[in-house]
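Worksheet: one structure, shown below.
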Amino acid sequence: KKEYENIRDIMVHFGGQYLYDNLSMEYSTGVGLRKINGIKYVAGEDGSTNQFYEGENKFTKNDISFGISFKVGYHF
C-alpha cells in the first residue's frame, strides 16, 4: 500500500556568522510551527469484537518545531 506524509515548517531562525581569511562559520537556532498530514495504511484487530480490520487512515498533526544549524565553509 502507498503511504505519504507532507511536512510543512514555518520557522524563525536567529544566528551569527564569522568570516576569516579563507574560512567562514555560521550557526543558527530556530523555532516555529510544523504541520504534518498524510495517509497511512493501518491493520489490526478490534479487541472487543475480535474482528480484523485494514485500510487507509488520513491524519493531521500540528506541533512546535525546533531547529539547529552549524555550517563551515572554505572560500578562495
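Labels for the C-alpha cells follow display order: chains A, B, ..., residues from 1 in each chain, ligands from 1.
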Mind checking which residues fall within 7 Å of Glu54 (chain A), counting only C-alpha atoms, ignoring those fewer than 3 positions away in the same chain, and posting them as a list in words? Val42, Ala43 and Gly44 of chain A
Excluding Tyr41 (chain A) and residues on its chain fewer than 3 positions from it, collect all residues at most 10 Å away from it, counting only C-alpha atoms, and give them as a PDB file with C-alpha atoms, in the first residue's frame.
ATOM      1  CA  LYS A   1       0.000   0.000   0.000  1.00  0.00           C
ATOM      2  CA  LYS A   2       1.198   3.516  -0.763  1.00  0.00           C
ATOM      3  CA  GLU A   3       1.690   5.901   2.136  1.00  0.00           C
ATOM      4  CA  TYR A   4       2.781   9.513   2.216  1.00  0.00           C
ATOM      5  CA  GLU A  54      -7.450  -2.873   7.473  1.00  0.00           C
ATOM      6  CA  GLY A  55      -7.414   0.197   5.300  1.00  0.00           C
ATOM      7  CA  GLU A  56      -6.055   3.688   4.837  1.00  0.00           C
ATOM      8  CA  ASN A  57      -6.206   6.320   7.525  1.00  0.00           C
ATOM      9  CA  LYS A  58      -5.839  10.060   6.940  1.00  0.00           C
TER      10      LYS A  58
END
Neighbours of Phe70 (chain A) within 12 Å (only C-alpha atoms; same-chain residues fewer than 5 positions away dropped), as JSON, numbers by chain? {"A": [14, 15, 16, 17, 18, 24, 25, 26, 27, 28, 29, 30]}
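What separates CA of Gly47 (chain A) from CA of Glu5 (chain A) is a distance of 28.5 Å.
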Find the residues near Lys61 (chain A): any atom within 9 Å, counting only C-alpha atoms, skip ones fewer than 4 places away on the same chain, and give them as a PyMOL selection string. chain A and resi 34-37
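Rounded to one decimal, CA of Ser69 (chain A) and CA of Leu19 (chain A) lie 16.6 Å from each other.
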Quick check for you: according to DSSP on this backbone, which residues of chain A are classed as strand (DSSP E or B)? Reply as a PyMOL selection string. chain A and resi 4-19+23-46+51-74
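Between CA of Met11 (chain A) and CA of Thr60 (chain A) the interatomic distance comes to 18.9 Å.
Nearest-residue note for Gly67 (chain A): choosing from A:Lys40, A:Glu45, A:Asp9, A:Asp21, the minimum distance belongs to A:Asp9, counting only C-alpha atoms.
In this comparison, which uses only C-alpha atoms, the residue of A:Ile7, A:Leu33, A:Ile39, A:Leu23 approaching Asp63 (chain A) most closely is A:Leu33.
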